[in-house]
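Structure data (mmCIF, C-alpha atoms) from entry_34.cif:
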```
data_entry
#
loop_
_atom_site.label_atom_id
_atom_site.label_comp_id
_atom_site.auth_asym_id
_atom_site.auth_seq_id
_atom_site.Cartn_x
_atom_site.Cartn_y
_atom_site.Cartn_z
CA MET A 1121 5.78 33.03 -8.26
CA PRO A 1122 3.14 31.54 -5.92
CA LYS A 1123 4.33 29.17 -3.23
CA ARG A 1124 4.01 25.51 -4.15
CA GLY A 1125 1.16 23.77 -2.36
CA ILE A 1126 1.51 20.67 -0.22
CA ARG A 1127 -0.61 18.70 -2.69
CA GLU A 1128 1.80 19.42 -5.54
CA GLU A 1129 4.82 18.56 -3.40
CA LEU A 1130 3.25 15.28 -2.33
CA ALA A 1131 2.42 14.39 -5.94
CA GLU A 1132 5.99 15.09 -7.07
CA ARG A 1133 7.41 13.12 -4.16
CA GLY A 1134 5.07 10.23 -4.94
CA GLU A 1135 6.12 10.09 -8.60
CA HIS A 1136 9.77 9.95 -7.58
CA ILE A 1137 9.16 7.12 -5.09
CA ARG A 1138 6.97 5.20 -7.55
CA ALA A 1139 9.70 5.37 -10.20
CA SER A 1140 12.32 4.07 -7.77
CA LEU A 1141 10.03 1.23 -6.63
CA GLU A 1142 9.28 0.20 -10.21
CA GLU A 1143 13.01 -0.06 -10.94
CA LEU A 1144 13.55 -2.74 -8.27
CA THR A 1145 14.45 -6.20 -9.48
CA VAL A 1146 12.63 -9.26 -8.13
CA VAL A 1147 15.63 -10.13 -5.94
CA GLN A 1148 15.97 -6.58 -4.61
CA ARG A 1149 12.29 -6.39 -3.76
CA LYS A 1150 12.37 -9.70 -1.90
CA GLU A 1151 15.44 -8.59 0.05
CA LEU A 1152 13.73 -5.32 0.98
CA VAL A 1153 10.68 -7.19 2.27
CA GLU A 1154 12.96 -9.28 4.49
CA GLU A 1155 14.80 -6.16 5.67
CA LEU A 1156 11.51 -4.42 6.42
CA ILE A 1157 10.33 -7.29 8.62
CA TYR A 1158 13.75 -7.44 10.28
CA ASP A 1159 13.59 -3.72 11.17
CA PHE A 1160 9.91 -3.46 12.10
CA PHE A 1161 9.32 -6.79 13.78
CA VAL A 1162 12.52 -8.42 14.94
CA THR A 1163 14.55 -5.49 16.26
CA ALA A 1164 11.50 -3.46 17.32
CA ARG A 1165 9.99 -6.44 19.13
CA LEU A 1166 13.20 -7.19 21.00
CA THR A 1167 13.36 -3.54 22.08
CA LEU A 1168 9.73 -3.64 23.24
CA LEU A 1169 10.35 -6.86 25.16
CA LYS A 1170 13.28 -5.24 26.92
CA TRP A 1171 11.10 -2.36 28.08
CA ALA A 1172 8.13 -4.58 28.85
CA GLU A 1173 10.27 -6.29 31.45
CA ARG A 1174 10.63 -2.97 33.25
CA THR A 1175 7.17 -1.50 32.74
CA GLY A 1176 4.82 -4.47 32.55
CA GLN A 1177 3.33 -2.99 29.36
CA SER A 1178 2.47 -5.02 26.26
CA ALA A 1179 5.07 -5.64 23.59
CA GLN A 1180 2.41 -5.56 20.89
CA ILE A 1181 3.47 -3.95 17.62
CA ASP A 1182 1.12 -1.72 15.64
CA THR A 1183 1.00 -3.52 12.31
CA GLY A 1184 -1.11 -0.95 10.43
CA TYR A 1185 1.77 1.17 9.21
CA ILE A 1186 3.99 -1.87 8.65
CA ALA A 1187 1.34 -3.30 6.31
CA GLN A 1188 1.27 -0.05 4.34
CA HIS A 1189 5.05 -0.09 3.88
CA LEU A 1190 4.83 -3.73 2.80
CA ALA A 1191 2.02 -2.96 0.32
CA SER A 1192 4.08 -0.15 -1.23
CA LEU A 1193 7.01 -2.50 -1.75
CA LEU A 1194 4.83 -5.21 -3.29
CA LEU A 1195 2.70 -3.01 -5.56
CA SER A 1196 5.31 -0.33 -6.40
CA GLU A 1197 2.77 2.23 -5.22
CA PRO A 1198 3.84 4.94 -2.75
CA GLY A 1199 1.88 6.17 0.20
CA GLN A 1200 0.67 9.73 0.40
CA GLY A 1201 0.95 12.23 3.21
CA PHE A 1202 2.89 12.59 6.40
CA ARG A 1203 2.27 11.53 10.01
CA GLY A 1204 -0.26 8.92 8.93
CA LYS A 1205 -2.48 11.39 7.06
CA GLY A 1206 -3.73 10.85 3.53
CA LEU A 1207 -4.50 7.79 1.44
CA ASP A 1208 -3.07 4.35 2.26
CA LEU A 1209 -1.61 4.24 -1.26
CA ALA A 1210 -1.33 7.17 -3.64
CA ASP A 1211 -3.63 5.63 -6.27
CA GLY A 1212 -6.49 5.32 -3.78
CA SER A 1213 -5.88 1.67 -2.89
CA GLU A 1214 -6.75 0.50 0.63
CA VAL A 1215 -4.51 -1.51 2.97
CA LYS A 1216 -6.03 -3.60 5.77
CA SER A 1217 -3.93 -5.32 8.43
CA ALA A 1218 -4.71 -7.81 11.17
CA SER A 1219 -2.34 -9.33 13.68
CA ILE A 1220 -2.28 -11.78 16.56
CA VAL A 1221 1.35 -11.08 17.46
CA SER A 1222 1.36 -10.29 21.20
CA GLY A 1223 -2.40 -9.75 20.93
CA VAL A 1224 -5.39 -10.96 22.94
CA ASP A 1225 -8.46 -10.22 20.81
CA ARG A 1226 -9.48 -12.18 17.76
CA PRO A 1227 -8.06 -10.15 14.87
CA ARG A 1228 -10.23 -8.66 12.14
CA TRP A 1229 -10.03 -6.41 9.14
CA ASN A 1230 -12.21 -3.35 9.82
CA HIS A 1231 -13.95 -1.43 7.04
CA ASN A 1232 -15.48 1.92 8.02
CA LEU A 1233 -18.22 2.23 5.43
CA GLY A 1234 -20.21 4.95 7.17
CA LYS A 1235 -23.63 4.91 8.82
CA PRO A 1236 -26.83 5.57 6.83
CA SER A 1237 -27.01 9.05 8.37
CA ASP A 1238 -23.43 9.71 7.23
CA ASP A 1239 -24.51 8.84 3.68
CA GLU A 1240 -27.24 11.46 3.80
CA GLY A 1241 -24.91 14.14 5.13
CA ARG A 1242 -22.27 13.53 2.49
CA ARG A 1243 -24.77 13.48 -0.35
CA GLU A 1244 -26.24 16.78 0.84
CA ARG A 1245 -22.75 18.26 0.49
CA GLY A 1246 -22.34 16.77 -2.95
CA LEU A 1247 -19.78 14.21 -1.79
CA PRO A 1248 -19.63 10.46 -2.42
CA THR A 1249 -20.40 8.23 0.56
CA ALA A 1250 -17.68 6.42 2.48
CA TRP A 1251 -18.68 3.09 0.99
CA GLU A 1252 -18.78 4.54 -2.55
CA VAL A 1253 -15.24 5.81 -2.09
CA TYR A 1254 -14.25 2.41 -0.74
CA LEU A 1255 -15.73 0.54 -3.71
CA ALA A 1256 -13.86 2.91 -6.01
CA ALA A 1257 -10.48 1.66 -4.72
CA PRO A 1258 -8.48 0.00 -7.52
CA THR A 1259 -6.91 -2.51 -5.13
CA VAL A 1260 -7.59 -3.63 -1.57
CA VAL A 1261 -4.57 -5.20 0.10
CA TYR A 1262 -5.18 -7.52 3.05
CA VAL A 1263 -2.21 -8.36 5.28
CA LEU A 1264 -2.24 -10.92 8.10
CA PHE A 1265 0.45 -11.39 10.74
CA ASP A 1266 -0.01 -14.60 12.72
CA HIS A 1267 1.70 -17.76 13.95
CA PRO A 1268 1.42 -21.02 11.94
CA ASN A 1269 2.21 -23.36 14.85
CA THR A 1270 4.18 -21.58 17.54
CA SER A 1271 4.77 -18.04 18.73
CA ASP A 1272 8.45 -18.50 17.79
CA THR A 1273 7.47 -18.08 14.13
CA LEU A 1274 5.89 -15.05 12.48
CA ARG A 1275 3.84 -15.83 9.36
CA ILE A 1276 2.95 -13.06 6.93
CA ARG A 1277 0.36 -13.52 4.21
CA VAL A 1278 -0.81 -10.90 1.70
CA TRP A 1279 -3.91 -11.02 -0.51
CA CYS A 1280 -4.82 -8.42 -3.16
CA VAL A 1281 -8.43 -7.81 -4.24
CA ASP A 1282 -9.17 -6.22 -7.60
CA GLY A 1283 -11.61 -3.66 -6.23
CA GLN A 1284 -13.34 -3.09 -9.57
CA GLU A 1285 -13.59 -6.61 -10.97
CA ASP A 1286 -13.95 -8.92 -7.96
CA ALA A 1287 -17.70 -9.66 -7.95
CA GLY A 1288 -17.68 -11.84 -4.81
CA TRP A 1289 -15.92 -9.22 -2.70
CA ARG A 1290 -18.02 -6.33 -4.03
CA ASP A 1291 -21.24 -8.28 -3.43
CA LEU A 1292 -20.32 -8.83 0.22
CA VAL A 1293 -19.61 -5.12 0.76
CA GLU A 1294 -22.81 -4.07 -1.01
CA ARG A 1295 -24.97 -6.49 0.99
CA PHE A 1296 -23.51 -5.12 4.22
CA VAL A 1297 -24.26 -1.55 3.14
CA ALA A 1298 -27.81 -2.44 2.11
CA GLY A 1299 -28.55 -4.17 5.42
CA ARG A 1300 -26.97 -1.65 7.81
CA LYS A 1301 -28.86 -0.69 10.93
CA VAL A 1302 -29.00 2.93 12.09
CA SER A 1303 -25.73 2.78 14.03
CA GLN A 1304 -23.89 0.24 11.88
CA TYR A 1305 -20.84 1.29 9.89
CA ASN A 1306 -18.04 -1.24 10.40
CA LEU A 1307 -17.82 -4.31 8.19
CA GLN A 1308 -15.56 -6.81 9.95
CA LEU A 1309 -13.91 -9.61 8.02
CA HIS A 1310 -12.18 -12.30 10.08
CA PRO A 1311 -8.97 -13.60 8.51
CA PRO A 1312 -7.79 -17.24 8.68
CA THR A 1313 -5.73 -16.66 11.80
CA GLY A 1314 -3.85 -19.73 12.95
CA ARG A 1315 -5.17 -21.74 10.00
CA ASP A 1316 -3.49 -22.78 6.77
CA ASP A 1317 -6.43 -21.97 4.49
CA ASP A 1318 -7.34 -18.63 2.88
CA ILE A 1319 -10.97 -18.42 3.98
CA VAL A 1320 -12.24 -15.10 5.30
CA THR A 1321 -15.39 -15.24 7.39
CA ASN A 1322 -18.31 -12.91 8.03
CA GLU A 1323 -21.93 -13.38 9.14
CA LEU A 1324 -23.12 -12.31 5.69
CA GLY A 1325 -20.95 -14.83 3.88
CA ASN A 1326 -17.44 -16.20 3.51
CA LEU A 1327 -14.80 -15.68 0.86
CA ASP A 1328 -12.03 -18.02 -0.25
CA MET A 1329 -9.11 -15.73 -1.14
CA ASN A 1330 -6.66 -18.42 -2.24
CA ALA A 1331 -6.63 -17.24 -5.87
CA ILE A 1332 -5.63 -13.69 -4.85
CA LYS A 1333 -2.84 -14.52 -2.39
CA VAL A 1334 0.34 -12.81 -3.57
CA MET A 1335 2.80 -13.57 -0.76
CA GLN A 1336 3.43 -15.96 2.11
CA ALA A 1337 6.55 -16.17 4.23
CA GLU A 1338 7.58 -17.29 7.70
CA PHE A 1339 10.10 -15.45 9.86
CA SER A 1340 11.68 -16.88 12.98
CA MET A 1341 11.24 -14.72 16.09
CA PRO A 1342 14.75 -15.06 17.55
CA ASP A 1343 16.16 -13.89 20.86
CA GLU A 1344 18.97 -12.26 18.90
CA ALA A 1345 18.23 -10.23 15.76
CA GLU A 1346 21.09 -11.74 13.76
CA ASP A 1347 19.56 -15.21 14.15
CA LEU A 1348 16.58 -14.38 11.90
CA VAL A 1349 15.63 -17.16 9.47
CA VAL A 1350 13.22 -16.55 6.55
CA GLU A 1351 11.32 -19.25 4.68
CA TRP A 1352 9.29 -18.29 1.60
CA MET A 1353 6.21 -20.38 0.82
CA GLN A 1354 5.00 -18.06 -1.93
CA GLU A 1355 7.26 -15.42 -3.38
CA PRO A 1356 5.60 -12.35 -4.91
CA GLN A 1357 5.52 -12.25 -8.69
CA TYR A 1358 6.06 -8.90 -10.40
CA PRO A 1359 4.22 -7.00 -11.51
CA ILE A 1360 1.43 -8.02 -9.13
CA ARG A 1361 -1.17 -5.95 -10.94
CA PRO A 1362 -3.38 -6.47 -12.85
CA ILE A 1363 -4.66 -9.09 -10.42
CA ALA A 1364 -5.76 -12.22 -12.28
CA GLY A 1365 -7.46 -14.09 -9.44
CA ARG A 1366 -10.83 -13.48 -7.81
CA THR A 1367 -12.35 -14.29 -4.44
CA LYS A 1368 -14.81 -17.16 -4.30
CA SER A 1369 -17.99 -17.13 -2.19
CA ILE A 1370 -18.32 -20.33 -0.14
CA ASP A 1371 -20.67 -21.96 2.35
CA ARG A 1372 -20.30 -21.09 6.02
CA GLU A 1373 -20.35 -24.79 6.92
CA ALA A 1374 -17.24 -25.36 4.80
CA VAL A 1375 -15.05 -23.18 7.04
CA PRO A 1376 -12.73 -24.93 9.52
CA GLU A 1377 -13.18 -24.04 13.18
CA GLN A 1378 -11.18 -21.07 14.42
CA ARG A 1379 -8.25 -22.06 16.55
CA GLU A 1380 -8.56 -20.93 20.14
CA ASP A 1381 -4.84 -20.85 20.99
CA LEU A 1382 -4.18 -17.80 18.84
CA GLY A 1383 -2.20 -15.57 21.14
CA GLU A 1384 1.15 -15.84 22.83
CA GLU A 1385 -0.24 -16.83 26.18
CA VAL A 1386 2.26 -18.56 28.46
CA ALA A 1387 -0.47 -19.69 30.84
CA GLY A 1388 -4.22 -19.98 30.94
CA LEU A 1389 -6.45 -17.99 33.26
CA THR A 1390 -6.66 -20.94 35.63
CA ASP A 1391 -2.86 -20.85 35.98
CA LEU A 1392 -2.71 -17.11 36.59
CA GLU A 1393 -1.63 -17.44 40.20
CA ASN A 1394 1.44 -19.35 39.02
CA VAL A 1395 2.35 -16.61 36.56
CA LEU A 1396 1.95 -13.44 38.60
CA PRO A 1397 4.62 -12.83 41.26
CA GLU A 1398 4.06 -12.62 44.98
CA GLU A 1399 4.55 -9.24 46.61
CA GLY A 1400 8.17 -8.16 46.34
CA GLU A 1401 8.97 -10.85 43.78
CA GLU A 1402 10.34 -9.84 40.38
CA LEU A 1403 9.19 -11.03 36.98
CA LYS A 1404 12.26 -12.32 35.22
CA ASP A 1405 10.78 -14.20 32.29
CA THR A 1406 10.22 -11.70 29.48
CA ALA A 1407 7.42 -13.71 27.88
CA VAL A 1408 5.62 -13.82 31.20
CA VAL A 1409 6.06 -10.08 31.66
CA VAL A 1410 4.49 -9.35 28.30
CA ARG A 1411 1.34 -11.29 29.13
CA ALA A 1412 1.02 -10.81 32.88
CA SER A 1413 -0.80 -7.48 32.92
CA GLU A 1414 -3.26 -8.67 30.24
CA LEU A 1415 -3.93 -11.91 32.09
CA GLN A 1416 -4.58 -9.95 35.27
CA GLN A 1417 -7.11 -7.78 33.41
CA LEU A 1418 -8.84 -10.87 32.06
CA LYS A 1419 -9.02 -12.46 35.47
CA LEU A 1420 -10.55 -9.33 36.99
CA ALA A 1421 -13.11 -9.21 34.18
CA GLN A 1422 -13.92 -12.87 34.70
CA ASN A 1423 -14.60 -12.28 38.39
CA ASP A 1424 -16.92 -9.29 37.78
#
```
Could I get this file's structure written as structure tokens?
Amino acid sequence: MPKRGIREELAERGEHIRASLEELTVVQRKELVEELIYDFFVTARLTLLKWAERTGQSAQIDTGYIAQHLASLLLSEPGQGFRGKGLDLADGSEVKSASIVSGVDRPRWNHNLGKPSDDEGRRERGLPTAWEVYLAAPTVVYVLFDHPNTSDTLRIRVWCVDGQEDAGWRDLVERFVAGRKVSQYNLQLHPPTGRDDDIVTNELGNLDMNAIKVMQAEFSMPDEAEDLVVEWMQEPQYPIRPIAGRTKSIDREAVPEQREDLGEEVAGLTDLENVLPEEGEELKDTAVVVRASELQQLKLAQND
């Protein structure tokens, strides 16, 4: 008997996981979402903060994989592959994450749609282009990790696009592809970080995603893991798919201004001298430690 291939093993594993996810009750699923955030954000962040105090490195958490786990729980759709390889979700759905938690840059959802030259190469090999594969996704899940008012609270919002039926979203992607320059490949959508609306911005146009939001919750960011408090503003309804809502194209002028105080800065650049220690002095405040090296980098860049 021939040896089973990896593809067959992954498919069988996926079917088993999908079946177990579909059996979850609404209460069980909600509890698992809370447990996931507890494990990935609260305990992991406290561990990172502990080590940041020794190393001066950032305590930023990579939210990409966390978003994929969250999407699997919400949609009852398993991932595929090991060590980060394979599709985001087994049915070909895409998962996009953006986060401002312990971050400096303005967050964005990146979409690698391929350059025009990539299109030619793939077509010559009889393959669909990157953007054609992307537009074939049944669902696109957008996850945003930010702070509503203070860095002591983690807010998580999830929106789900019906990749085949959402005309506003598809139109934006297609207009980007049609207008690409020679070296252009990355469509960047800016989420409503630090704002309470659901408006996603881009130079080509903006989308109001309120009708496709499927989850919103706030998690305290405690000094002790057992002190976690969860407040649900919008609990997921099951099943989430088929997705009834659609994105709505809106005027650029209708978008509120982006908040500037997005990160977890404990001091501005002008106060840097008060944050960084003198020679031989130790950094004892964990929050200061997390930001100090990044503030130093920014100051050096500002002086260049």
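Counting from atom CA of Ala1331 of chain A, the distance to atom CA of Gly1365 of chain A is 4.8 Å.
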**Study point:** Residues in the PyMOL selection byres ((chain A and resi 1138-1144) around 7), expressed as a ChimeraX atom specification
**Key:** /A:1134-1137,1145-1146,1148-1149,1193,1196-1198
Limited to C-alpha atoms, could you put the picked residues into a file as a short mmCIF file (atom, residue, chain, number, x, y, z; two decimals), in the frame of the given file?
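Output saved as selection-v7.cif:
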```cif
data_model
loop_
_atom_site.label_atom_id
_atom_site.label_comp_id
_atom_site.auth_asym_id
_atom_site.auth_seq_id
_atom_site.Cartn_x
_atom_site.Cartn_y
_atom_site.Cartn_z
CA GLY A 1134 5.07 10.23 -4.94
CA GLU A 1135 6.12 10.09 -8.60
CA HIS A 1136 9.77 9.95 -7.58
CA ILE A 1137 9.16 7.12 -5.09
CA THR A 1145 14.45 -6.20 -9.48
CA VAL A 1146 12.63 -9.26 -8.13
CA GLN A 1148 15.97 -6.58 -4.61
CA ARG A 1149 12.29 -6.39 -3.76
CA LEU A 1193 7.01 -2.50 -1.75
CA SER A 1196 5.31 -0.33 -6.40
CA GLU A 1197 2.77 2.23 -5.22
CA PRO A 1198 3.84 4.94 -2.75
#
```
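Here atom CA of Tyr1305 of chain A and atom CA of Val1293 of chain A stand 11.2 Å from one another.
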Practice item. Dump as a PyMOL selection string all residues having an atom at most 8 Å from (-12.4, -6.5, 6.0), computed in the file's coordinates with all atoms listed in the file. Key: chain A and resi 1216+1228-1231+1262+1307-1310
Atoms to include: C-alpha atoms. Write the selected residues as a PDB file, keeping the file's coordinate frame.
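This went into part-v5.pdb:
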```pdb
ATOM      1  CA  LYS A1216      -6.030  -3.600   5.770  1.00  0.00           C
ATOM      2  CA  ARG A1228     -10.230  -8.660  12.140  1.00  0.00           C
ATOM      3  CA  TRP A1229     -10.030  -6.410   9.140  1.00  0.00           C
ATOM      4  CA  ASN A1230     -12.210  -3.350   9.820  1.00  0.00           C
ATOM      5  CA  HIS A1231     -13.950  -1.430   7.040  1.00  0.00           C
ATOM      6  CA  TYR A1262      -5.180  -7.520   3.050  1.00  0.00           C
ATOM      7  CA  LEU A1307     -17.820  -4.310   8.190  1.00  0.00           C
ATOM      8  CA  GLN A1308     -15.560  -6.810   9.950  1.00  0.00           C
ATOM      9  CA  LEU A1309     -13.910  -9.610   8.020  1.00  0.00           C
ATOM     10  CA  HIS A1310     -12.180 -12.300  10.080  1.00  0.00           C
TER      11      HIS A1310
END
```
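Nearest residue to Pro1236 of chain A, choosing from A:Val1302, A:Glu1285, A:Gln1177, A:Glu1338 and counting all atoms listed in the file: A:Val1302.
Coordinates place atom CA of Phe1339 of chain A at a distance of 27.0 Å from atom CA of Thr1175 of chain A.
Of the residues listed (A:Ala1250, A:Ser1303, A:Leu1274, A:Asp1317), A:Leu1274 shows the shortest atom-to-atom separation from Tyr1158 of chain A; distances use all atoms listed in the file.
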Point to revise | Nearest-residue call for Ala1187 of chain A, choices A:Val1153, A:Leu1292, A:Leu1169, A:Val1162, using all atoms listed in the file | key: A:Val1153
Target residues per the PyMOL selection byres ((chain A and resi 1283) around 10), formatted as an mmCIF file with C-alpha atoms, in the coordinates of the input:
```cif
data_model
loop_
_atom_site.group_PDB
_atom_site.id
_atom_site.type_symbol
_atom_site.label_atom_id
_atom_site.label_comp_id
_atom_site.auth_asym_id
_atom_site.auth_seq_id
_atom_site.Cartn_x
_atom_site.Cartn_y
_atom_site.Cartn_z
ATOM 1 C CA SER A 1213 -5.880 1.670 -2.890
ATOM 2 C CA GLU A 1214 -6.750 0.500 0.630
ATOM 3 C CA TYR A 1254 -14.250 2.410 -0.740
ATOM 4 C CA LEU A 1255 -15.730 0.540 -3.710
ATOM 5 C CA ALA A 1256 -13.860 2.910 -6.010
ATOM 6 C CA ALA A 1257 -10.480 1.660 -4.720
ATOM 7 C CA PRO A 1258 -8.480 0.000 -7.520
ATOM 8 C CA THR A 1259 -6.910 -2.510 -5.130
ATOM 9 C CA VAL A 1260 -7.590 -3.630 -1.570
ATOM 10 C CA VAL A 1261 -4.570 -5.200 0.100
ATOM 11 C CA CYS A 1280 -4.820 -8.420 -3.160
ATOM 12 C CA VAL A 1281 -8.430 -7.810 -4.240
ATOM 13 C CA ASP A 1282 -9.170 -6.220 -7.600
ATOM 14 C CA GLN A 1284 -13.340 -3.090 -9.570
ATOM 15 C CA GLU A 1285 -13.590 -6.610 -10.970
ATOM 16 C CA ASP A 1286 -13.950 -8.920 -7.960
ATOM 17 C CA ALA A 1287 -17.700 -9.660 -7.950
ATOM 18 C CA TRP A 1289 -15.920 -9.220 -2.700
ATOM 19 C CA ARG A 1290 -18.020 -6.330 -4.030
ATOM 20 C CA ILE A 1363 -4.660 -9.090 -10.420
ATOM 21 C CA ARG A 1366 -10.830 -13.480 -7.810
#
```
Exercise for review: Give me the residues within 8 Å of segment 1357-1360 of chain A as a ChimeraX atom specification, counting only C-alpha atoms and dropping any in the same chain fewer than 2 places off.
Suggested key: /A:1146,1194-1195,1334,1355,1362-1363
Practice item. Give the answer as one residue: which of A:Leu1233, A:Ala1364, A:Leu1152, A:Ile1276 has the shortest atom-to-atom distance to Trp1352 of chain A, using all atoms listed in the file? Key: A:Ile1276
Exercise for review: Just say which residues the PyMOL selection byres ((chain A and resi 1199) around 10) picks in this file, as a list in words.
Suggested key: Leu1130, Arg1133, Gly1134, Ile1137, Arg1138, Gln1188, His1189, Ala1191, Ser1192, Ser1196, Glu1197, Pro1198, Gln1200, Gly1201, Phe1202, Gly1204, Lys1205, Gly1206, Leu1207, Asp1208, Leu1209, Ala1210, Asp1211, Gly1212 and Ser1213 of chain A
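Proximity ranking of A:Glu1351, A:Asp1239, A:Glu1132, A:Asp1159 relative to Val1253 of chain A places A:Asp1239 first, based on only C-alpha atoms.
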Check your understanding: Neighbours of Phe1161 of chain A within 9 Å (all atoms listed in the file; same-chain residues fewer than 3 positions away dropped), as an MDAnalysis selection string?
Key -> chainID A and resid 1156:1158 1164:1166 1181 1186 1341
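Among the candidate residues A:Asn1269, A:Thr1183, A:Ser1340, A:Thr1321, the one lying nearest to Lys1368 of chain A is A:Thr1321, with distances computed using all atoms listed in the file.
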